[in-house]
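Visitor: For reference, the structure I am asking about is given below.
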Amino acid sequence: MKNTKFSLIFACYNVAQYLDKLFDLLATQPYQNIEIIFVEDCSTDSTKEKLQRFNDPRMKLLCNENNIGAAESRNEGIKIATGEYIGFPDPDDLFDSTLLSKVNHVIEQYHPDIISVGMQERYEINGDVSYVKNILSQYTGLINHDFTDILVDLEESFLFGYTNNKFYHTELIKKYGIFNEHQALKEDFEFNIKAFKKISNFYILNEPLYFYMKRNNGSLTSKFVADYFPIHMQTLDSFKSLIDKKGYINQNVNRLLVNRFIRYCLSAIERNSSNQANMTFLEQKMWIKNYIFELPQYDNYLSLSNLITPKQKLFYFLLKNKMSFLLVLVANFVKLVKKMFPILFVKLKN
């Protein structure tokens, strides 16, 4: 039986409170042929001290001289990785104890360029898991042709954009110089765009083996980022460029793009209503007019009304008719539901 060596690269910044569980998982991991690379990014808590005390001969510890962010930290890990496959699990997440052995079995049979694994989202409130959702694809097995609809499915199910649920052939990453680029959001997404453009096949291991811990702790996905909207618009262009290279534009692609466009508009407007944004009601309205209504792709996306999902129809109507006042009101209502009933919000959103 094949005994694939995995390099697990953990970018660590202020994760001290989660490391004990991670250490236990790694120490008791049945699959032993792993290289554990921790990249400590100038944490302000006891992360560095805990990592230095972790005693495992398979471990390599890199300590950045300056805080460079998760993307650049992973790049540093890639440079010293010696495993046949690289994974980027987050240090504040967990994964099933059978994950690596199952991925090894896939590699033994198919030797794919990338393995994408199903996820389980675990929503924590005050330290307790309040809601669990399995994130799976409609597809499973080796994909070596007709990428279009499978890539759309992965992105629709929110499995495409993460790196933490994937394993990459190290030769692929190093041969093509595929590194993370630093940006405020969606670094993983753009990394996968570059990687998937270079592959000839990939494998979908359609089991919820990676546990994505969702916490209300000020992570990048929850805090205000001024460039949120343009960054997310760029992801739509990036995904379209991937489809142009690996497949073809069809109705499924257009459906994904228009519904993501509407979702990102609502999310951006909702974030602008936060205290961190420090925008008046009038400023929020003007932002919509200047950044959404004047967007070059605005008319193209909204011309695809036949592809709008039922959940998006109200917001589509408001966007189509340029009702900025009502858009801000709806976004503020969404913010209220998100704050008062977070689990209900997650269920409605999905």
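In the structure tokens, each chain is lettered A, B, ... as it comes, each chain's residues begin at 1, and ligands are numbered from 1 in order of appearance.
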Please identify the alpha helix (DSSP H) residues within segment 127-310 of chain A (assignment by DSSP from backbone atoms) and present them as number ranges by chain.
Guide: A: 147-156, 170-175, 187-198, 228-246, 251-272, 281-287, 298-302
Visitor: Which residues are close to Lys60 of chain A, i.e. within 7 Å by only C-alpha atoms, leaving aside same-chain residues fewer than 3 positions away? Reply as an MDAnalysis selection string.
Guide: chainID A and resid 36:38
Visitor: Output C-alpha atoms for every residue in that selection, as a JSON list (two decimals), in the first residue's frame.
Guide:
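Dumped everything to result_32.json:
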[["chain", "number", "residue", "atom", "x", "y", "z"],
["A", 36, "ILE", "CA", 4.02, 19.27, 10.14],
["A", 37, "ILE", "CA", 5.06, 22.80, 9.21],
["A", 38, "PHE", "CA", 4.03, 25.60, 11.55]]
Visitor: Identify which of the residues A:Tyr264, A:Tyr168, A:Phe54, A:Tyr110 lies closest to Tyr85 of chain A, counting only C-alpha atoms when measuring atom-to-atom distances.
Guide: A:Tyr168
Visitor: Determine, counting only C-alpha atoms, which protein, DNA and RNA residues have an atom within 9 Å of an atom of segment 318-326 of chain A; residues of the same chain fewer than 4 positions away are not included. Present the result as a list in words.
Guide: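 Here the qualifying residues turn out to be Ile262, Cys265, Phe281, Leu282, Gln284, Lys285, Met286, Ile288, Lys289, Ile292, Phe293, Asp299, Leu302, Ser303, Lys313, Leu314, Val330 and Ala331 of chain A.
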Visitor: Could the residues in this selection be saved with C-alpha atoms as a PDB file, in the first residue's frame?
Guide:
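Below is the file that was written, again12.pdb:
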ATOM      1  CA  ILE A 262     -26.551  39.692  -6.235  1.00  0.00           C
ATOM      2  CA  CYS A 265     -24.082  43.264  -3.593  1.00  0.00           C
ATOM      3  CA  PHE A 281     -27.497  56.410   5.709  1.00  0.00           C
ATOM      4  CA  LEU A 282     -26.954  58.931   2.912  1.00  0.00           C
ATOM      5  CA  GLN A 284     -24.566  54.185   2.151  1.00  0.00           C
ATOM      6  CA  LYS A 285     -27.033  55.201  -0.568  1.00  0.00           C
ATOM      7  CA  MET A 286     -24.356  57.110  -2.460  1.00  0.00           C
ATOM      8  CA  ILE A 288     -24.613  51.943  -3.934  1.00  0.00           C
ATOM      9  CA  LYS A 289     -25.038  54.467  -6.731  1.00  0.00           C
ATOM     10  CA  ILE A 292     -22.902  49.122  -7.878  1.00  0.00           C
ATOM     11  CA  PHE A 293     -25.113  51.034 -10.297  1.00  0.00           C
ATOM     12  CA  ASP A 299     -26.501  45.629 -16.848  1.00  0.00           C
ATOM     13  CA  LEU A 302     -29.152  41.952 -14.317  1.00  0.00           C
ATOM     14  CA  SER A 303     -30.179  40.989 -17.839  1.00  0.00           C
ATOM     15  CA  LYS A 313     -35.764  37.778  -6.480  1.00  0.00           C
ATOM     16  CA  LEU A 314     -36.610  40.590  -4.035  1.00  0.00           C
ATOM     17  CA  VAL A 330     -33.113  45.612   3.560  1.00  0.00           C
ATOM     18  CA  ALA A 331     -29.392  45.382   4.294  1.00  0.00           C
TER      19      ALA A 331
END
Visitor: Would you give me, as a ChimeraX atom specification, the residues in segment 110-220 of chain A that DSSP reads as strand (DSSP E)?
Guide: /A:114-125,128-135,141-143,166-169,202-215
Visitor: Write the residues you've just listed into a file as a tab-separated table (two decimals), in the first residue's frame, and include N, CA and C atoms for each of them.
Guide:
chain	number	residue	atom	x	y	z
A	114	ILE	N	-5.06	17.39	-7.72
A	114	ILE	CA	-5.67	18.01	-6.54
A	114	ILE	C	-6.74	17.08	-6.00
A	115	ILE	N	-6.86	16.99	-4.69
A	115	ILE	CA	-7.97	16.28	-4.05
A	115	ILE	C	-8.78	17.31	-3.27
A	116	SER	N	-10.07	17.39	-3.57
A	116	SER	CA	-10.98	18.29	-2.85
A	116	SER	C	-11.86	17.46	-1.93
A	117	VAL	N	-11.92	17.84	-0.66
A	117	VAL	CA	-12.60	17.04	0.36
A	117	VAL	C	-13.86	17.77	0.83
A	118	GLY	N	-14.91	17.02	1.11
A	118	GLY	CA	-16.11	17.61	1.68
A	118	GLY	C	-15.85	18.20	3.05
A	119	MET	N	-16.71	19.13	3.45
A	119	MET	CA	-16.51	19.85	4.70
A	119	MET	C	-17.72	19.72	5.61
A	120	GLN	N	-17.47	19.94	6.87
A	120	GLN	CA	-18.55	20.08	7.84
A	120	GLN	C	-18.37	21.42	8.54
A	121	GLU	N	-19.32	22.32	8.36
A	121	GLU	CA	-19.28	23.61	9.04
A	121	GLU	C	-19.86	23.43	10.44
A	122	ARG	N	-19.10	23.85	11.43
A	122	ARG	CA	-19.53	23.77	12.82
A	122	ARG	C	-19.61	25.18	13.38
A	123	TYR	N	-20.82	25.63	13.65
A	123	TYR	CA	-21.03	27.00	14.12
A	123	TYR	C	-21.02	27.03	15.64
A	124	GLU	N	-20.07	27.79	16.16
A	124	GLU	CA	-19.91	27.90	17.61
A	124	GLU	C	-20.46	29.23	18.11
A	125	ILE	N	-21.20	29.16	19.21
A	125	ILE	CA	-21.64	30.35	19.93
A	125	ILE	C	-21.23	30.19	21.38
A	128	ASP	N	-19.73	26.75	22.32
A	128	ASP	CA	-20.52	25.54	22.10
A	128	ASP	C	-20.96	25.44	20.64
A	129	VAL	N	-20.88	24.24	20.08
A	129	VAL	CA	-21.34	24.02	18.71
A	129	VAL	C	-22.86	24.01	18.70
A	130	SER	N	-23.44	25.01	18.02
A	130	SER	CA	-24.90	25.17	18.01
A	130	SER	C	-25.55	24.65	16.74
A	131	TYR	N	-24.77	24.51	15.69
A	131	TYR	CA	-25.35	24.09	14.41
A	131	TYR	C	-24.25	23.46	13.56
A	132	VAL	N	-24.59	22.36	12.90
A	132	VAL	CA	-23.64	21.64	12.05
A	132	VAL	C	-24.25	21.47	10.67
A	133	LYS	N	-23.46	21.75	9.65
A	133	LYS	CA	-23.94	21.61	8.27
A	133	LYS	C	-22.87	20.93	7.43
A	134	ASN	N	-23.23	19.85	6.78
A	134	ASN	CA	-22.31	19.17	5.87
A	134	ASN	C	-22.32	19.87	4.51
A	135	ILE	N	-21.14	20.14	3.98
A	135	ILE	CA	-20.99	20.79	2.68
A	135	ILE	C	-20.41	19.77	1.72
A	141	GLY	N	-15.48	11.30	-7.08
A	141	GLY	CA	-14.56	10.52	-7.90
A	141	GLY	C	-13.61	11.37	-8.72
A	142	LEU	N	-12.94	10.73	-9.67
A	142	LEU	CA	-11.93	11.38	-10.50
A	142	LEU	C	-12.60	12.19	-11.61
A	143	ILE	N	-12.17	13.43	-11.75
A	143	ILE	CA	-12.67	14.32	-12.80
A	143	ILE	C	-11.51	14.61	-13.74
A	166	LYS	N	-8.30	20.96	0.75
A	166	LYS	CA	-7.70	20.39	-0.46
A	166	LYS	C	-6.26	19.93	-0.21
A	167	PHE	N	-5.85	19.00	-1.05
A	167	PHE	CA	-4.46	18.54	-1.07
A	167	PHE	C	-3.94	18.72	-2.50
A	168	TYR	N	-2.77	19.29	-2.61
A	168	TYR	CA	-2.19	19.66	-3.90
A	168	TYR	C	-0.91	18.87	-4.14
A	169	HIS	N	-0.76	18.36	-5.35
A	169	HIS	CA	0.49	17.70	-5.69
A	169	HIS	C	1.61	18.73	-5.61
A	202	PHE	N	-8.63	16.19	-11.24
A	202	PHE	CA	-8.72	16.34	-9.79
A	202	PHE	C	-9.73	15.32	-9.27
A	203	TYR	N	-9.69	15.12	-7.98
A	203	TYR	CA	-10.54	14.09	-7.36
A	203	TYR	C	-11.42	14.74	-6.29
A	204	ILE	N	-12.70	14.38	-6.28
A	204	ILE	CA	-13.62	14.86	-5.25
A	204	ILE	C	-13.87	13.73	-4.26
A	205	LEU	N	-13.35	13.89	-3.06
A	205	LEU	CA	-13.59	12.95	-1.96
A	205	LEU	C	-14.80	13.48	-1.21
A	206	ASN	N	-15.96	12.97	-1.56
A	206	ASN	CA	-17.22	13.60	-1.16
A	206	ASN	C	-17.72	13.10	0.20
A	207	GLU	N	-16.88	13.30	1.21
A	207	GLU	CA	-17.25	13.01	2.59
A	207	GLU	C	-16.89	14.23	3.44
A	208	PRO	N	-17.68	14.55	4.47
A	208	PRO	CA	-17.41	15.74	5.30
A	208	PRO	C	-16.29	15.48	6.30
A	209	LEU	N	-15.07	15.45	5.81
A	209	LEU	CA	-13.93	15.04	6.64
A	209	LEU	C	-13.14	16.22	7.22
A	210	TYR	N	-13.36	17.41	6.67
A	210	TYR	CA	-12.69	18.61	7.21
A	210	TYR	C	-13.71	19.42	7.99
A	211	PHE	N	-13.37	19.77	9.22
A	211	PHE	CA	-14.30	20.46	10.12
A	211	PHE	C	-13.95	21.94	10.19
A	212	TYR	N	-14.75	22.74	9.52
A	212	TYR	CA	-14.53	24.19	9.46
A	212	TYR	C	-15.27	24.83	10.63
A	213	MET	N	-14.50	25.34	11.58
A	213	MET	CA	-15.07	25.91	12.80
A	213	MET	C	-15.43	27.37	12.56
A	214	LYS	N	-16.72	27.67	12.56
A	214	LYS	CA	-17.21	29.03	12.31
A	214	LYS	C	-17.50	29.68	13.66
A	215	ARG	N	-16.74	30.71	13.95
A	215	ARG	CA	-16.88	31.40	15.24
A	215	ARG	C	-17.09	32.89	15.00
Visitor: Can you work out which one of A:Thr170, A:Asn126, A:Gln17, A:Asn201 has the shortest atom-to-atom distance to Asn144 of chain A, counting only C-alpha atoms?
Guide: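 Of A:Thr170, A:Asn126, A:Gln17, A:Asn201, the one nearest Asn144 of chain A is A:Asn201, counting only C-alpha atoms.
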Visitor: Check the smallest atom-to-atom distance from each of A:Ser101, A:Ala27, A:Asn250, A:Phe333 to Phe345 of chain A using only C-alpha atoms, then report the winner.
Guide: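 Between A:Ser101, A:Ala27, A:Asn250, A:Phe333, the residue approaching Phe345 of chain A most closely is A:Phe333.
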Visitor: Counting only C-alpha atoms, which residue out of A:Ile231, A:Leu257, A:Leu159, A:Leu51 sits closest to Leu304 of chain A?
Guide: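 Of all the options, A:Leu257 lies closest to Leu304 of chain A.
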Visitor: Contacts of segment 235-245 of chain A at 8 Å or less, counting only C-alpha atoms, minus same-chain residues fewer than 5 places along, as a list in words?
Guide: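 Selected residues are Thr148, Lys186, Phe189, Glu190, Ile193, Phe196, Lys197, Val253, Leu257, Arg260 and Phe261 of chain A.
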Visitor: Keeping only N, CA and C atoms, write those residues as a JSON list (two decimals), in the first residue's frame.
Guide:
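Printed below is out08.json as written:
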[["chain", "number", "residue", "atom", "x", "y", "z"],
["A", 148, "THR", "N", -16.58, 21.92, -16.58],
["A", 148, "THR", "CA", -17.43, 23.10, -16.38],
["A", 148, "THR", "C", -18.45, 22.93, -15.27],
["A", 186, "LYS", "N", -10.19, 36.60, 0.09],
["A", 186, "LYS", "CA", -10.26, 35.68, -1.05],
["A", 186, "LYS", "C", -8.89, 35.25, -1.58],
["A", 189, "PHE", "N", -9.18, 31.63, -2.74],
["A", 189, "PHE", "CA", -9.91, 31.51, -4.00],
["A", 189, "PHE", "C", -8.98, 31.74, -5.19],
["A", 190, "GLU", "N", -8.20, 32.81, -5.12],
["A", 190, "GLU", "CA", -7.31, 33.13, -6.24],
["A", 190, "GLU", "C", -6.19, 32.10, -6.37],
["A", 193, "ILE", "N", -7.77, 29.31, -8.27],
["A", 193, "ILE", "CA", -7.92, 29.66, -9.69],
["A", 193, "ILE", "C", -6.63, 29.33, -10.44],
["A", 196, "PHE", "N", -6.04, 25.35, -10.42],
["A", 196, "PHE", "CA", -6.95, 24.57, -11.27],
["A", 196, "PHE", "C", -6.71, 24.86, -12.75],
["A", 197, "LYS", "N", -6.16, 26.00, -13.08],
["A", 197, "LYS", "CA", -5.84, 26.27, -14.49],
["A", 197, "LYS", "C", -4.72, 25.37, -15.00],
["A", 253, "VAL", "N", -23.06, 28.26, -15.60],
["A", 253, "VAL", "CA", -22.05, 29.27, -15.26],
["A", 253, "VAL", "C", -22.72, 30.63, -15.08],
["A", 257, "LEU", "N", -22.91, 33.03, -11.73],
["A", 257, "LEU", "CA", -22.34, 34.38, -11.73],
["A", 257, "LEU", "C", -23.37, 35.43, -11.33],
["A", 260, "ARG", "N", -24.30, 35.04, -7.62],
["A", 260, "ARG", "CA", -23.19, 35.49, -6.77],
["A", 260, "ARG", "C", -23.09, 37.01, -6.80],
["A", 261, "PHE", "N", -23.30, 37.60, -7.96],
["A", 261, "PHE", "CA", -23.28, 39.06, -8.06],
["A", 261, "PHE", "C", -24.30, 39.67, -7.10]]
Visitor: Nearest to Pro342 of chain A: which of A:Leu8, A:Asn216, A:Leu26, A:Phe88 is it, counting only C-alpha atoms?
Guide: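 So, comparing all the options, the nearest one is A:Asn216.
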Visitor: Would you mind reading off the distance between atom CA of Arg271 of chain A and atom CA of Phe160 of chain A, one decimal, in Å?
Guide: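 Here the two named atoms are 23.6 Å from each other.
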Visitor: Hey, which of A:Asn300, A:Asn332, A:Thr140, A:Ser97 ends up closest to Leu266 of chain A? Count only C-alpha atoms.
Guide: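 Between A:Asn300, A:Asn332, A:Thr140, A:Ser97, the residue approaching Leu266 of chain A most closely is A:Asn332.
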Visitor: Between atom CA of Cys12 of chain A and atom CA of Glu40 of chain A, measure the distance and give it in Å to one decimal.
Guide: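 Pair atom CA of Cys12 of chain A / atom CA of Glu40 of chain A returns 4.9 Å.
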Visitor: Skip Tyr176 of chain A itself and residues of its chain fewer than 3 positions away, then list as a ChimeraX atom specification all residues within 8 Å of it, counting only C-alpha atoms.
Guide: /A:172-173,198
Visitor: Deliver the residues from the most recent selection as a file, using C-alpha atoms, as a short mmCIF file (atom, residue, chain, number, x, y, z; two decimals), in the first residue's frame.
Guide:
data_model
loop_
_atom_site.label_atom_id
_atom_site.label_comp_id
_atom_site.auth_asym_id
_atom_site.auth_seq_id
_atom_site.Cartn_x
_atom_site.Cartn_y
_atom_site.Cartn_z
CA LEU A 172 2.37 21.03 -9.49
CA ILE A 173 2.70 23.87 -6.99
CA LYS A 198 -2.74 24.05 -14.50
#
Visitor: Which value, in Å to one decimal, gives the distance between atom CA of Tyr298 of chain A and atom CA of Pro310 of chain A?
Guide: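 Answer for the atom CA of Tyr298 of chain A to atom CA of Pro310 of chain A separation: 19.7 Å.
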Visitor: Name the residues in contact with Glu171 of chain A at a cut-off of 10 Å, using only C-alpha atoms, excluding same-chain residues fewer than 6 positions from it; report them as a PyMOL selection string.
Guide: chain A and resi 83-86+113+177
Visitor: Might you pull out every residue within 9 Å of Lys50 of chain A, with only C-alpha atoms counted and same-chain residues fewer than 2 positions away left off, and present them as a ChimeraX atom specification?
Guide: /A:16,19-20,46-48,52-54
